[in-house]
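**Student:** First the structure, then my questions, so here it is.
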Amino acid sequence: MQRRHAFATLAAAALFAIGATGAHAQGAKVKVGFMLPYTGTYAALGNAIENGFRLYVQEQGGKLGGREIEFVKVDDESDPAKATDNVNKLIKRDSVDVIVGTVHSGVAMAMAKAAKDSGTLLIVPNAGADAVTGPMCAPNIFRSSFSNWQPAYAMGEVAAKRGHKKAITITWKYAAGDESVNGFKEAFEKNGGQVVKQLTLPFPNVEFQALLTEIAAAKPDAVYSFFAGGGAVKFVKDYAGAGLNKNIPLYGPGFLTDGTLEAQGDAAQGMLTTLHYADGLNTPRDNAFRLAYAKAYKLQPDVYAVQGYDAAQMLGIGLGAVKGDVSKKAEFAAAIEKAKIDSPRGAFTISKAHNPVQDIYLRKVDGKVNQVSGVAVKGLADPARGCRM
Ligand code: BEZ
């Protein structure tokens, strides 16, 4: 009886092994789970990321690392309260091989925890939460976008060098807003400026009037703000509507004007922002990307589309190195760590903490574009405070 039981166990184990390698050898599809906002103030950002990701996969004939890619998706609604349930739908219900998401920093932190606990590969194609490549960093977590600190720090330097001394900051009260303000303040104050007041409102609230009245009364030299998506459209319009843009320049990371200019119109003209992408780079790589994106989607790409495209490139590099075998996590990570990613933004590398080391551009709004006007900080690496890997 015992021998029969032992035999049955061995046979089951052998069948499992054949099944597992067999699935890989027969070229079963790699399952990618998009966890992105498809509704709410960040919906356009989520769609652009998915478009960019799919474009790169299409350019590779639908395969990365020799394996076909299939997609499942979850709308995370940019709601941190639903994030753990949502990410577990992908990990436990759908058994995805890789998660690609998300936009909102609060949601991304819950995803990073679930990815770290389960060992599932995670590529973050936007959310800048410093913790994701800081205290929460892990061998299976990568980011194709930025840390909230990066474009903010660059703008702190730019604003101080432009001679501004006293600034007010205004943002949504959550990780991205707080960290963006901290990055700006760090560089601004290091270079002789002072942040005299920090204003906030809850995410995704867009009732800005009372705070704009406070800014008008305080008369700072400059205002720094982090908003994105639908909220950025409304904020830039309300700022101009209150007449503040005539006397108090409004600065921010490029999310304030990326993918939003059509709707912001005159209100955004002349604004300076800092970001790891810009219009008018005019490199063969970016021109080819922009043409392909416009052809595929009848839309101009923005920074979010680039980050989605590059998330797919990073997945392709990792899968290529392990010949499609996602179980080889160490080799997958090593390949990305030593790669130079041929991004439309300009080539970049990935830091030890798995965050892009990249140029941050200074851009100026001109009509419907964020025209590049130079490099604000070259090869900027996030300090990755708290990352032990
Ligand atoms: C964030 O939550 O990290 C974020 C959202 C939109 C644009 C940039 C950053």
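Letters A, B, ... mark the chains of the structure tokens in the order given; residue numbers begin at 1 per chain; ligand numbers begin at 1, in order shown.
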Could you write out, as a list in words, all the residues of stretch 17-159 of chain A that DSSP marks as strand (DSSP E)?
**Tutor:**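 Matching residues, listed in order: Val30, Lys31, Val32, Gly33, Phe34, Met35, Leu36, Lys63, Leu64, Arg67, Glu68, Ile69, Glu70, Phe71, Val72, Lys73, Val74, Asp75, Val98, Ile99, Val100, Leu121, Leu122, Ile123, Val124, Ile141, Phe142 and Arg143 of chain A.
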**Student:** Residues contacting ligand 1 - anything with an atom at most 7 Å away, using only C-alpha atoms and all ligand atoms - can you give me those as a PDB file with all heavy atoms, in the first residue's frame?
**Tutor:**
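See result_7.pdb below for the written result:
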ATOM      1  N   TYR A  42      -6.944  59.652 -13.996  1.00  0.00           N
ATOM      2  CA  TYR A  42      -5.744  59.124 -14.658  1.00  0.00           C
ATOM      3  C   TYR A  42      -6.059  58.153 -15.809  1.00  0.00           C
ATOM      4  O   TYR A  42      -5.169  57.434 -16.278  1.00  0.00           O
ATOM      5  CB  TYR A  42      -4.854  58.419 -13.629  1.00  0.00           C
ATOM      6  CG  TYR A  42      -4.127  59.330 -12.657  1.00  0.00           C
ATOM      7  CD1 TYR A  42      -3.619  58.832 -11.457  1.00  0.00           C
ATOM      8  CD2 TYR A  42      -3.910  60.670 -12.927  1.00  0.00           C
ATOM      9  CE1 TYR A  42      -2.931  59.649 -10.562  1.00  0.00           C
ATOM     10  CE2 TYR A  42      -3.232  61.497 -12.031  1.00  0.00           C
ATOM     11  CZ  TYR A  42      -2.745  60.977 -10.857  1.00  0.00           C
ATOM     12  OH  TYR A  42      -2.061  61.793  -9.976  1.00  0.00           O
ATOM     13  N   VAL A 103      -0.239  53.607 -12.458  1.00  0.00           N
ATOM     14  CA  VAL A 103      -0.016  55.051 -12.563  1.00  0.00           C
ATOM     15  C   VAL A 103       0.106  55.694 -11.183  1.00  0.00           C
ATOM     16  O   VAL A 103       0.996  56.503 -10.936  1.00  0.00           O
ATOM     17  CB  VAL A 103      -1.178  55.701 -13.360  1.00  0.00           C
ATOM     18  CG1 VAL A 103      -1.154  57.219 -13.232  1.00  0.00           C
ATOM     19  CG2 VAL A 103      -1.105  55.274 -14.821  1.00  0.00           C
ATOM     20  N   HIS A 104      -0.791  55.345 -10.260  1.00  0.00           N
ATOM     21  CA  HIS A 104      -0.935  56.033  -8.975  1.00  0.00           C
ATOM     22  C   HIS A 104       0.028  55.436  -7.930  1.00  0.00           C
ATOM     23  O   HIS A 104       0.050  54.211  -7.708  1.00  0.00           O
ATOM     24  CB  HIS A 104      -2.392  55.853  -8.529  1.00  0.00           C
ATOM     25  CG  HIS A 104      -2.769  56.555  -7.263  1.00  0.00           C
ATOM     26  ND1 HIS A 104      -2.355  56.123  -6.013  1.00  0.00           N
ATOM     27  CD2 HIS A 104      -3.540  57.645  -7.040  1.00  0.00           C
ATOM     28  CE1 HIS A 104      -2.864  56.914  -5.081  1.00  0.00           C
ATOM     29  NE2 HIS A 104      -3.585  57.860  -5.683  1.00  0.00           N
ATOM     30  N   SER A 105       0.799  56.305  -7.271  1.00  0.00           N
ATOM     31  CA  SER A 105       1.825  55.837  -6.328  1.00  0.00           C
ATOM     32  C   SER A 105       1.255  55.013  -5.171  1.00  0.00           C
ATOM     33  O   SER A 105       1.872  54.031  -4.744  1.00  0.00           O
ATOM     34  CB  SER A 105       2.593  57.032  -5.755  1.00  0.00           C
ATOM     35  OG  SER A 105       3.625  57.401  -6.625  1.00  0.00           O
ATOM     36  N   GLY A 106       0.100  55.411  -4.652  1.00  0.00           N
ATOM     37  CA  GLY A 106      -0.481  54.678  -3.519  1.00  0.00           C
ATOM     38  C   GLY A 106      -0.869  53.264  -3.920  1.00  0.00           C
ATOM     39  O   GLY A 106      -0.667  52.301  -3.169  1.00  0.00           O
ATOM     40  N   ASN A 126       4.728  53.775 -14.656  1.00  0.00           N
ATOM     41  CA  ASN A 126       4.545  55.199 -14.341  1.00  0.00           C
ATOM     42  C   ASN A 126       4.817  55.498 -12.871  1.00  0.00           C
ATOM     43  O   ASN A 126       5.763  56.215 -12.564  1.00  0.00           O
ATOM     44  CB  ASN A 126       3.158  55.731 -14.711  1.00  0.00           C
ATOM     45  CG  ASN A 126       3.077  57.225 -14.411  1.00  0.00           C
ATOM     46  OD1 ASN A 126       3.686  58.031 -15.110  1.00  0.00           O
ATOM     47  ND2 ASN A 126       2.413  57.634 -13.342  1.00  0.00           N
ATOM     48  N   ALA A 127       3.967  55.020 -11.984  1.00  0.00           N
ATOM     49  CA  ALA A 127       3.957  55.486 -10.588  1.00  0.00           C
ATOM     50  C   ALA A 127       5.363  55.725 -10.039  1.00  0.00           C
ATOM     51  O   ALA A 127       6.209  54.840 -10.057  1.00  0.00           O
ATOM     52  CB  ALA A 127       3.238  54.462  -9.715  1.00  0.00           C
ATOM     53  N   GLY A 128       5.560  56.952  -9.529  1.00  0.00           N
ATOM     54  CA  GLY A 128       6.910  57.348  -9.123  1.00  0.00           C
ATOM     55  C   GLY A 128       7.237  57.085  -7.669  1.00  0.00           C
ATOM     56  O   GLY A 128       8.337  57.445  -7.223  1.00  0.00           O
ATOM     57  N   ALA A 129       6.338  56.455  -6.908  1.00  0.00           N
ATOM     58  CA  ALA A 129       6.548  56.254  -5.458  1.00  0.00           C
ATOM     59  C   ALA A 129       8.014  55.949  -5.153  1.00  0.00           C
ATOM     60  O   ALA A 129       8.538  54.916  -5.577  1.00  0.00           O
ATOM     61  CB  ALA A 129       5.660  55.124  -4.955  1.00  0.00           C
ATOM     62  N   ASN A 148       9.463  59.840  -8.144  1.00  0.00           N
ATOM     63  CA  ASN A 148       8.875  61.182  -7.959  1.00  0.00           C
ATOM     64  C   ASN A 148       9.952  62.227  -7.687  1.00  0.00           C
ATOM     65  O   ASN A 148       9.805  63.393  -8.045  1.00  0.00           O
ATOM     66  CB  ASN A 148       7.850  61.151  -6.816  1.00  0.00           C
ATOM     67  CG  ASN A 148       6.590  60.417  -7.227  1.00  0.00           C
ATOM     68  OD1 ASN A 148       6.133  60.550  -8.363  1.00  0.00           O
ATOM     69  ND2 ASN A 148       6.030  59.620  -6.330  1.00  0.00           N
ATOM     70  N   ALA A 175       1.285  60.126  -1.764  1.00  0.00           N
ATOM     71  CA  ALA A 175       2.733  59.909  -1.909  1.00  0.00           C
ATOM     72  C   ALA A 175       3.352  60.696  -3.064  1.00  0.00           C
ATOM     73  O   ALA A 175       4.412  61.332  -2.888  1.00  0.00           O
ATOM     74  CB  ALA A 175       3.015  58.423  -2.080  1.00  0.00           C
ATOM     75  N   ALA A 176       2.719  60.693  -4.242  1.00  0.00           N
ATOM     76  CA  ALA A 176       3.343  61.348  -5.398  1.00  0.00           C
ATOM     77  C   ALA A 176       3.489  62.849  -5.178  1.00  0.00           C
ATOM     78  O   ALA A 176       4.537  63.440  -5.469  1.00  0.00           O
ATOM     79  CB  ALA A 176       2.540  61.069  -6.670  1.00  0.00           C
ATOM     80  N   ALA A 228      -1.618  65.777 -12.416  1.00  0.00           N
ATOM     81  CA  ALA A 228      -1.502  65.043 -13.681  1.00  0.00           C
ATOM     82  C   ALA A 228      -2.897  64.711 -14.182  1.00  0.00           C
ATOM     83  O   ALA A 228      -3.879  64.821 -13.440  1.00  0.00           O
ATOM     84  CB  ALA A 228      -0.683  63.761 -13.473  1.00  0.00           C
ATOM     85  N   GLY A 229      -2.971  64.323 -15.457  1.00  0.00           N
ATOM     86  CA  GLY A 229      -4.238  63.893 -16.048  1.00  0.00           C
ATOM     87  C   GLY A 229      -5.301  64.979 -15.990  1.00  0.00           C
ATOM     88  O   GLY A 229      -5.015  66.174 -16.166  1.00  0.00           O
ATOM     89  N   PHE A 255       4.354  66.310 -15.878  1.00  0.00           N
ATOM     90  CA  PHE A 255       3.007  65.722 -15.860  1.00  0.00           C
ATOM     91  C   PHE A 255       1.931  66.803 -15.900  1.00  0.00           C
ATOM     92  O   PHE A 255       0.797  66.560 -16.273  1.00  0.00           O
ATOM     93  CB  PHE A 255       2.820  64.863 -14.603  1.00  0.00           C
ATOM     94  CG  PHE A 255       4.000  63.981 -14.349  1.00  0.00           C
ATOM     95  CD1 PHE A 255       4.827  64.184 -13.267  1.00  0.00           C
ATOM     96  CD2 PHE A 255       4.314  62.981 -15.260  1.00  0.00           C
ATOM     97  CE1 PHE A 255       5.948  63.397 -13.059  1.00  0.00           C
ATOM     98  CE2 PHE A 255       5.440  62.195 -15.072  1.00  0.00           C
ATOM     99  CZ  PHE A 255       6.253  62.407 -13.967  1.00  0.00           C
TER     100      PHE A 255
END
**Student:** Please compute the atom CA of A:Thr274-atom CA of A:Pro80 distance, one decimal, in Å.
**Tutor:**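 Rounded to one decimal, the two atoms are 27.0 Å apart.
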**Student:** Could you pull out all residues of stretch 183-321 of chain A with a DSSP call of helix (DSSP H, G or I) and give them as a ChimeraX atom specification?
**Tutor:** /A:183-190,209-218,229-241,244-246,254-256,261-268,284-297,303-321
**Student:** What's the 6 Å shell around A:Phe188, counting only C-alpha atoms, without same-chain residues fewer than 2 positions away, as a PyMOL selection string?
**Tutor:** chain A and resi 156-157+160+184-186+190-191+193
**Student:** From the set A:Pro37, A:Gly259, A:Pro125, A:Gly318, which residue has the shortest atom-to-atom contact distance to A:Asn86, counting only C-alpha atoms?
**Tutor:**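 Closest to A:Asn86, using only C-alpha atoms: A:Pro37.
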**Student:** Any idea what's packed within 7 Å of A:Val196, counting only C-alpha atoms, ignoring anything in its chain fewer than 3 positions away? Could you give it as a ChimeraX atom specification?
**Tutor:** /A:166-168
**Student:** Go ahead and save the residues from that selection, with N, CA, C and O atoms, as a JSON list (two decimals), in the first residue's frame.
**Tutor:**
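Output (out-v2.json):
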[["chain", "number", "residue", "atom", "x", "y", "z"],
["A", 166, "LYS", "N", 11.39, 82.77, -3.17],
["A", 166, "LYS", "CA", 10.33, 82.25, -2.31],
["A", 166, "LYS", "C", 9.27, 81.53, -3.15],
["A", 166, "LYS", "O", 8.68, 82.14, -4.06],
["A", 167, "ALA", "N", 9.04, 80.28, -2.82],
["A", 167, "ALA", "CA", 8.06, 79.50, -3.59],
["A", 167, "ALA", "C", 6.98, 78.93, -2.68],
["A", 167, "ALA", "O", 7.23, 78.61, -1.52],
["A", 168, "ILE", "N", 5.79, 78.79, -3.27],
["A", 168, "ILE", "CA", 4.70, 78.04, -2.62],
["A", 168, "ILE", "C", 4.49, 76.77, -3.43],
["A", 168, "ILE", "O", 4.60, 76.79, -4.67]]
**Student:** Determine, counting only C-alpha atoms, which protein, DNA and RNA residues have an atom within 7 Å of an atom of A:Gln371; residues of the same chain fewer than 6 positions away are not included. Present the result as an NGL selection string.
**Tutor:** :A and (278-280 or 363-365)
**Student:** Counting only C-alpha atoms, which residue out of A:Phe332, A:Leu64, A:Val107, A:Glu50 sits closest to A:Ser78?
**Tutor:**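 Selected residue with least distance to A:Ser78: A:Val107.
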**Student:** Excluding A:Gln198 and any residue of its chain fewer than 4 positions from it, enumerate the residues within 12 Å of it, using only C-alpha atoms, and give them as a PyMOL selection string.
**Tutor:** chain A and resi 166-173+177-178+180-182+184-185+194+211+214-215+218+220+223-226
**Student:** Using the selection just defined, write its residues with C-alpha atoms as a tab-separated table (two decimals), in the first residue's frame.
**Tutor:**
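Everything below was put into again_36.tsv:
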chain	number	residue	atom	x	y	z
A	166	LYS	CA	10.33	82.25	-2.31
A	167	ALA	CA	8.06	79.50	-3.59
A	168	ILE	CA	4.70	78.04	-2.62
A	169	THR	CA	3.94	74.43	-3.47
A	170	ILE	CA	0.50	73.00	-4.20
A	171	THR	CA	-0.42	69.37	-4.82
A	172	TRP	CA	-2.65	66.43	-4.00
A	173	LYS	CA	-2.03	64.96	-0.54
A	177	GLY	CA	2.46	64.91	-4.41
A	178	ASP	CA	4.39	64.78	-1.13
A	180	SER	CA	7.42	65.61	-5.67
A	181	VAL	CA	7.30	68.60	-3.33
A	182	ASN	CA	10.12	67.13	-1.21
A	184	PHE	CA	11.70	70.21	-5.45
A	185	LYS	CA	12.30	71.64	-1.97
A	194	GLN	CA	12.95	78.80	0.26
A	211	LEU	CA	-5.97	77.68	-2.40
A	214	GLU	CA	-4.24	82.00	-0.66
A	215	ILE	CA	-1.45	82.05	-3.28
A	218	ALA	CA	0.92	85.51	-0.30
A	220	PRO	CA	5.41	84.26	-3.82
A	223	VAL	CA	4.61	78.25	-7.55
A	224	TYR	CA	5.57	74.58	-7.88
A	225	SER	CA	2.81	72.05	-8.37
A	226	PHE	CA	2.33	68.35	-9.00
**Student:** Looking at only C-alpha atoms, which of A:Asp310, A:Asp85, A:Glu262, A:Asp79 is the one that sits closest to A:Pro204?
**Tutor:** A:Asp79
**Student:** For A:Arg67, list every protein, DNA or RNA residue within 8 Å, evaluated using only C-alpha atoms, and leave out those in the same chain fewer than 5 positions away; present the list as a list in words.
**Tutor:**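 What passes the distance filter is Gly27, Ala28, Lys29, Val30 and Gly324 of chain A.
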**Student:** Would you export the selected residues with N, CA and C atoms as a compact mmCIF listing (two decimals), in the first residue's frame, please?
**Tutor:**
# COMPACT_ATOMS: atom_id res chain seq x y z
N GLY A 27 6.04 26.51 -26.02
CA GLY A 27 5.83 27.92 -26.32
C GLY A 27 4.50 28.42 -25.85
N ALA A 28 4.05 27.99 -24.65
CA ALA A 28 2.83 28.56 -24.09
C ALA A 28 3.02 30.08 -23.98
N LYS A 29 1.92 30.80 -24.03
CA LYS A 29 2.04 32.27 -24.02
C LYS A 29 2.49 32.80 -22.67
N VAL A 30 3.19 33.92 -22.69
CA VAL A 30 3.52 34.63 -21.46
C VAL A 30 2.31 35.51 -21.14
N GLY A 324 12.61 33.03 -22.69
CA GLY A 324 11.17 32.93 -22.41
C GLY A 324 10.83 32.21 -21.13
**Student:** Mind pulling up the distance from atom CA of A:Leu55 to atom CA of A:Ala292?
**Tutor:**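 About the pair atom CA of A:Ala292 and atom CA of A:Leu55: they are 8.0 Å apart.
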**Student:** As an exercise, work out the distance from atom CA of A:Gly308 to atom CA of A:Asn51 in Å and give it to one decimal place.
**Tutor:**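 Interatomic distance, atom CA of A:Gly308 to atom CA of A:Asn51: 7.2 Å.
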